[in-house]
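Visitor: Below is a structure I'd like to ask you about.
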Amino acid sequence: MAIAFAIYFLVGAKQPLYTGMAYPFIAVAMIQIIVGGTVFFRSPKDIQRVESMIQTEKSRIQSEEIPRMEVVMKNFEINKWIEICLLGVGLFSFFYFSDSSLWKGVGLGLAIQAGFMLFLDFFSESRGKVYLEYLKSII
C-alpha cells in the first residue's frame with residue numbers, strides 16, 4: 001500500500017509535500033517487503049525444524065532454538081529504538097521545515113512509516129515472547 005501511495009504522490013499529486021512523503025514510503029516499504037517476505041518463506045521450514053526437535057531431540061531446543069530466539073528478541077529491542085529515533089527525526093522534520101516543503105513531506109512520511117513499523121513490531125515482539133516462554137517450558 002505504501003508503494004501505491006508513493007506512486008500516486010509522485011505521479012498524481014506532484015506537490016513537494018507529497019513528493020517528500022513518497023521517498024520514505026518507498027524506502028521503508030522495500031524493507032518491509034524484504035523482511036516480511038524472508039520471514040514468510042522461511043517460517044514453514046522453521047516450524048518443521050522445531051517440531052522435529054521437539055519430537056526427536058529436545059536438547060536442541062535448549063542449545064539452538066532458545067539462543068536463536070534470544071537474539072531475535074534482542075533485535076526487536078534494537079529495532080524499537082531505531083524506529084523511535086526515526087519517528088522523532090520524522091516529527092522534528094515535519095514541524096521544523098516550512099509548509100508544504102519537500103523536507104516537511106520527508107519528515108511526515110518517515111514519521112508515518114516509523115510509527116507503523118513500531119506498531120507492527122510491538123505485536124511481533126509480543127508473539128516472540130510467548131514463543132520463547134513456550135520453548136523454555138518444554139525443556
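Going by the C-alpha cells order, chains are called A, B, ..., each with residues numbered from 1, while ligands are numbered from 1 in the order shown.
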Within 12 Å of Gln15 of chain A, counting only C-alpha atoms, which residues qualify if same-chain residues fewer than 2 places away don't, as a list in words?

Guide: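 Within the cut-off, the hits are Tyr8, Phe9, Leu10, Val11, Gly12, Ala13, Leu17, Tyr18, Thr19, Gly20, Met21, Ala22, Asp99, Ser100, Ser101, Leu102, Trp103, Lys104 and Gly105 of chain A.
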
Visitor: Could you name the residues that touch segment 28-35 of chain A at 8 Å or less, counting only C-alpha atoms, but leaving out those on the same chain fewer than 4 positions away, as a list in words?

Guide: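 Counting only C-alpha atoms, the residues come to Ala2, Ile3, Pro24, Val39 and Gln113 of chain A.
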
Visitor: Using only C-alpha atoms, can you tell me which of A:Ser93, A:Glu65, A:Ala114, A:Gly107 comes closest to Glu51 of chain A?

Guide: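 When distances to Glu51 of chain A are compared using only C-alpha atoms, the smallest one comes from A:Glu65.
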
Visitor: Which residue gives the smallest distance to Ser126 of chain A among A:Glu77, A:Glu57, A:Asp46, A:Glu64, with only C-alpha atoms counted?

Guide: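 For Ser126 of chain A, the nearest of the candidates is A:Glu77.
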
Visitor: Which residues come within 12 Å of Phe92 of chain A, counting only C-alpha atoms, excluding same-chain residues fewer than 2 positions away, as a PyMOL selection string?

Guide: chain A and resi 85-90+94-98+103-111

Visitor: Using only C-alpha atoms, which of A:Ile7, A:Lys58, A:Asp121, A:Leu132 sits nearest Ile78 of chain A?

Guide: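 With only C-alpha atoms as the atom set, the closest residue is A:Asp121.
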
Visitor: Within 12 Å of Ile54 of chain A, counting only C-alpha atoms, which residues qualify if same-chain residues fewer than 3 places away don't, as a ChimeraX atom specification?

Guide: /A:47-51,57-62,64-65,134-139

Visitor: Can you work out the spacing between atom CA of Ile82 of chain A and atom CA of Met69 of chain A in Å, to one decimal?

Guide: 19.8 Å

Visitor: One number please: atom CA of Thr38 of chain A to atom CA of Thr56 of chain A, in Å, one decimal.

Guide: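 Atom CA of Thr38 of chain A sits 26.9 Å away from atom CA of Thr56 of chain A.
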
Visitor: Hey, which of A:Phe116, A:Ile26, A:Gly128, A:Ser52 ends up closest to Lys74 of chain A? Count only C-alpha atoms.

Guide: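 Ranked by minimum distance to Lys74 of chain A, first place goes to A:Gly128.
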